[in-house]
Amino acid sequence: MKKNIQYCDKCGEIIFYIEDKYEVYADCACVRRERIALKVAKYKKLSITDREAGNNRFENSNTVNDKEKEFVEKFKKYSQKFKKALEENVGILMTGLPGTGKTFYANCIANEIQEKGYTVLSFNLSGYLRKIQEDFNNKKDFVSEEEKLLYATREVDLLVIDDLGSEKLSEWGMEKIYNLIDERYKARKPIIITTNMNKNTLEDHLLVNGSDKLLDRIKSMTTPFIFDWESRRKPRQSDIWE
Ligand SMILES: Nc1ncnc2c1ncn2[C@@H]1O[C@H](COP(=O)(O)OP(=O)(O)OP(=O)(O)O)[C@@H](O)[C@H]1O
Ligand SMILES: [Mg+2]
Ligand SMILES: [Zn+2]
């Protein structure tokens with residue numbers, strides 16, 4: 001029999017009782033929520049891209065063609081059913097020309113599921129490589145930045161890799177990226193990748209030591225979306241030349 005039951009003032013759940021002379025402390029919904037918020041914030045801080053910038057939200061999105069509309073509906077569904085995506089390890093590969101909105105939509109998804117309490121880690125690849133290189137050059141911590149980030153890569157609910165293939169990779173860079181994606185692959189959790197390479201250039205780009213294992217991994221982890229419309233980035237107009 002539970003005695004001396006105490007309830008949380010805010011959520012009304014039981015936080016303490018005595019049963020068979022034992023004192024039992026329980027976490028109420030507030031404590032659970034707080035713990036999730038801390039975890040979400042931790043990975044947000046570890047992320048290298050800035051998702052706050054530029055209001056990347058579905059509410060703010062406008063579409064330029066029917067195909068994009070279709071994509072948006074699917075991306076919204078993906079965010080709404082993220083629990084299932086996580087269970088079934090369903091990821092997304094967004095390919096297409098610069099300025100077509102790939103990063104924008106990856107961020108919309110990330111922001112939306114983060115608000116529901118899922119942890120998200122997002123990198124742009126050059127940022128990731130720069131960060132682990134810098135850390136390697138002036139090593140301070142016992143645990144390297146790369147190890148920390150790889151650990152996070154296994155832990156988070158969603159990993160976003162932005163701009164795969166934006167620069168020519170050295171062998172060192174290639175190996176690091178292979179490790180990163182392989183880590184996620186082994187964790188069997190969803191990944192979103194954006195790239196402005198097409199199928200062929202991506203194939204060439206991701207040949208690691210003559211093996212296309214990396215591309216195979218990516219294909220098996222993601223559903224492709226090809227953004228084949230015009231760039232949204234307009235050349236900046238100024239009347240200074242008039
Ligand atoms: N649906 C949208 N509604 C409003 N603005 C958008 C939308 N999609 C993209 N944009 C804006 O258009 C610009 C280009 O989009 P974005 O950076 O996502 O392109 P990208 O496909 O990632 O390009 P790149 O391949 O060069 O990385 C950004 O300023 C972005 O905020
Ligand atoms: Mg982009
Ligand atoms: Zn409570």
# chains A, B, ... in the order shown; residues from 1 in each chain; ligands from 1
$ residues_near_ligand --ligand "ligand 3" --cutoff "10 Å" --atoms "only C-alpha atoms and all ligand atoms" --output "VMD selection string"
chain A and resid 7 to 15 27 to 34
$ residues_around --residues "Tyr178 of chain A" --least-positions-apart "6" --cutoff "10 Å" --atoms "only C-alpha atoms" --output "mmCIF file with C-alpha atoms, in the first residue's frame"
data_model
loop_
_atom_site.group_PDB
_atom_site.id
_atom_site.type_symbol
_atom_site.label_atom_id
_atom_site.label_comp_id
_atom_site.auth_asym_id
_atom_site.auth_seq_id
_atom_site.Cartn_x
_atom_site.Cartn_y
_atom_site.Cartn_z
ATOM 1 C CA TRP A 172 42.295 12.245 -45.073
ATOM 2 C CA LEU A 206 32.513 8.910 -52.952
ATOM 3 C CA LEU A 207 34.861 6.309 -54.297
ATOM 4 C CA VAL A 208 37.043 5.593 -51.297
ATOM 5 C CA LYS A 213 30.873 0.993 -50.313
ATOM 6 C CA LEU A 214 30.131 4.484 -49.027
ATOM 7 C CA LEU A 215 27.661 5.239 -51.793
ATOM 8 C CA ARG A 217 25.633 2.689 -47.572
#
$ select_by_dssp --residues "segment 48-182 of chain A" --states "strand (DSSP E or B)" --output "PyMOL selection string"
chain A and resi 91-96+120-124+158-162
$ closest_atom_pairs --of "chain A" --to "ligand 1" --cutoff "6 Å" --atoms "only C-alpha atoms and all ligand atoms" --output "Markdown table"
| residue | atom | partner | partner_atom_place_in_ligand_line | distance |
| --- | --- | --- | --- | --- |
| A:Ser61 | CA | ligand 1 | 3 (N) | 3.4 |
| A:Asn62 | CA | ligand 1 | 3 (N) | 4.1 |
| A:Thr63 | CA | ligand 1 | 1 (N) | 5.2 |
| A:Leu97 | CA | ligand 1 | 25 (O) | 5.6 |
| A:Pro98 | CA | ligand 1 | 25 (O) | 3.3 |
| A:Gly99 | CA | ligand 1 | 19 (O) | 3.5 |
| A:Thr100 | CA | ligand 1 | 21 (O) | 3.9 |
| A:Gly101 | CA | ligand 1 | 18 (O) | 3.2 |
| A:Lys102 | CA | ligand 1 | 21 (O) | 3.8 |
| A:Thr103 | CA | ligand 1 | 22 (O) | 3.7 |
| A:Phe104 | CA | ligand 1 | 18 (O) | 3.6 |
| A:Asp163 | CA | ligand 1 | 27 (O) | 5.8 |
| A:Asn196 | CA | ligand 1 | 25 (O) | 4.8 |
| A:Arg232 | CA | ligand 1 | 12 (O) | 4.9 |
| A:Arg233 | CA | ligand 1 | 13 (C) | 5.4 |
$ closest_residue --among "A:Leu121, A:Met94, A:Ile36, A:Val24" --to "Phe75 of chain A" --atoms "only C-alpha atoms"
A:Met94
$ closest_residue --among "A:Asp66, A:Asp162, A:Glu112, A:Glu73" --to "ligand 2" --atoms "only C-alpha atoms and all ligand atoms"
A:Asp162
$ select_by_dssp --residues "segment 123-227 of chain A" --states "helix (DSSP H, G or I)" --output "MDAnalysis selection string"
chainID A and resid 125:137 145:155 171:187 199:205 213:221
$ write_last_selection --atoms "C-alpha atoms" --output "PDB file, in the first residue's frame"
ATOM      1  CA  LEU A 125      30.803  18.704 -44.027  1.00  0.00           C
ATOM      2  CA  SER A 126      33.496  21.293 -44.524  1.00  0.00           C
ATOM      3  CA  GLY A 127      32.696  22.614 -41.046  1.00  0.00           C
ATOM      4  CA  TYR A 128      33.022  19.133 -39.599  1.00  0.00           C
ATOM      5  CA  LEU A 129      36.401  18.513 -41.224  1.00  0.00           C
ATOM      6  CA  ARG A 130      37.696  21.935 -40.208  1.00  0.00           C
ATOM      7  CA  LYS A 131      36.636  21.355 -36.634  1.00  0.00           C
ATOM      8  CA  ILE A 132      38.335  18.000 -36.211  1.00  0.00           C
ATOM      9  CA  GLN A 133      41.440  19.230 -38.044  1.00  0.00           C
ATOM     10  CA  GLU A 134      41.758  22.285 -35.793  1.00  0.00           C
ATOM     11  CA  ASP A 135      41.284  20.151 -32.724  1.00  0.00           C
ATOM     12  CA  PHE A 136      43.939  17.747 -33.951  1.00  0.00           C
ATOM     13  CA  ASN A 137      46.396  20.609 -34.435  1.00  0.00           C
ATOM     14  CA  GLU A 145      36.602  16.472 -30.961  1.00  0.00           C
ATOM     15  CA  GLU A 146      36.257  13.743 -33.551  1.00  0.00           C
ATOM     16  CA  GLU A 147      35.524  11.110 -30.927  1.00  0.00           C
ATOM     17  CA  LYS A 148      32.979  13.397 -29.291  1.00  0.00           C
ATOM     18  CA  LEU A 149      31.243  14.060 -32.573  1.00  0.00           C
ATOM     19  CA  LEU A 150      31.299  10.419 -33.605  1.00  0.00           C
ATOM     20  CA  TYR A 151      29.764   9.493 -30.269  1.00  0.00           C
ATOM     21  CA  ALA A 152      27.046  12.092 -30.848  1.00  0.00           C
ATOM     22  CA  THR A 153      26.591  10.688 -34.339  1.00  0.00           C
ATOM     23  CA  ARG A 154      25.603   7.356 -32.848  1.00  0.00           C
ATOM     24  CA  GLU A 155      23.416   8.858 -30.147  1.00  0.00           C
ATOM     25  CA  GLU A 171      42.359  11.188 -48.702  1.00  0.00           C
ATOM     26  CA  TRP A 172      42.295  12.245 -45.073  1.00  0.00           C
ATOM     27  CA  GLY A 173      38.948  14.017 -45.513  1.00  0.00           C
ATOM     28  CA  MET A 174      37.530  11.076 -47.405  1.00  0.00           C
ATOM     29  CA  GLU A 175      38.424   8.693 -44.628  1.00  0.00           C
ATOM     30  CA  LYS A 176      36.888  10.973 -41.997  1.00  0.00           C
ATOM     31  CA  ILE A 177      33.654  11.185 -43.913  1.00  0.00           C
ATOM     32  CA  TYR A 178      33.606   7.489 -44.477  1.00  0.00           C
ATOM     33  CA  ASN A 179      33.966   6.971 -40.718  1.00  0.00           C
ATOM     34  CA  LEU A 180      31.194   9.433 -40.009  1.00  0.00           C
ATOM     35  CA  ILE A 181      28.653   7.861 -42.329  1.00  0.00           C
ATOM     36  CA  ASP A 182      29.697   4.360 -41.404  1.00  0.00           C
ATOM     37  CA  GLU A 183      29.194   5.175 -37.735  1.00  0.00           C
ATOM     38  CA  ARG A 184      25.656   6.268 -38.433  1.00  0.00           C
ATOM     39  CA  TYR A 185      25.034   3.271 -40.661  1.00  0.00           C
ATOM     40  CA  LYS A 186      26.037   0.920 -37.877  1.00  0.00           C
ATOM     41  CA  ALA A 187      23.816   2.779 -35.412  1.00  0.00           C
ATOM     42  CA  LYS A 199      24.206  10.540 -59.235  1.00  0.00           C
ATOM     43  CA  ASN A 200      27.304  10.272 -61.403  1.00  0.00           C
ATOM     44  CA  THR A 201      29.429  12.944 -59.781  1.00  0.00           C
ATOM     45  CA  LEU A 202      28.419  11.630 -56.379  1.00  0.00           C
ATOM     46  CA  GLU A 203      29.558   8.187 -57.436  1.00  0.00           C
ATOM     47  CA  ASP A 204      32.961   9.549 -58.461  1.00  0.00           C
ATOM     48  CA  HIS A 205      33.231  11.703 -55.377  1.00  0.00           C
ATOM     49  CA  LYS A 213      30.873   0.993 -50.313  1.00  0.00           C
ATOM     50  CA  LEU A 214      30.131   4.484 -49.027  1.00  0.00           C
ATOM     51  CA  LEU A 215      27.661   5.239 -51.793  1.00  0.00           C
ATOM     52  CA  ASP A 216      26.043   1.851 -51.232  1.00  0.00           C
ATOM     53  CA  ARG A 217      25.633   2.689 -47.572  1.00  0.00           C
ATOM     54  CA  ILE A 218      24.069   6.054 -48.379  1.00  0.00           C
ATOM     55  CA  LYS A 219      21.685   4.523 -50.908  1.00  0.00           C
ATOM     56  CA  SER A 220      20.542   1.877 -48.475  1.00  0.00           C
ATOM     57  CA  MET A 221      19.892   4.483 -45.770  1.00  0.00           C
TER      58      MET A 221
END
$ closest_residue --among "A:Asn138, A:Asn4, A:Thr49, A:Ser79" --to "ligand 2" --atoms "only C-alpha atoms and all ligand atoms"
A:Thr49
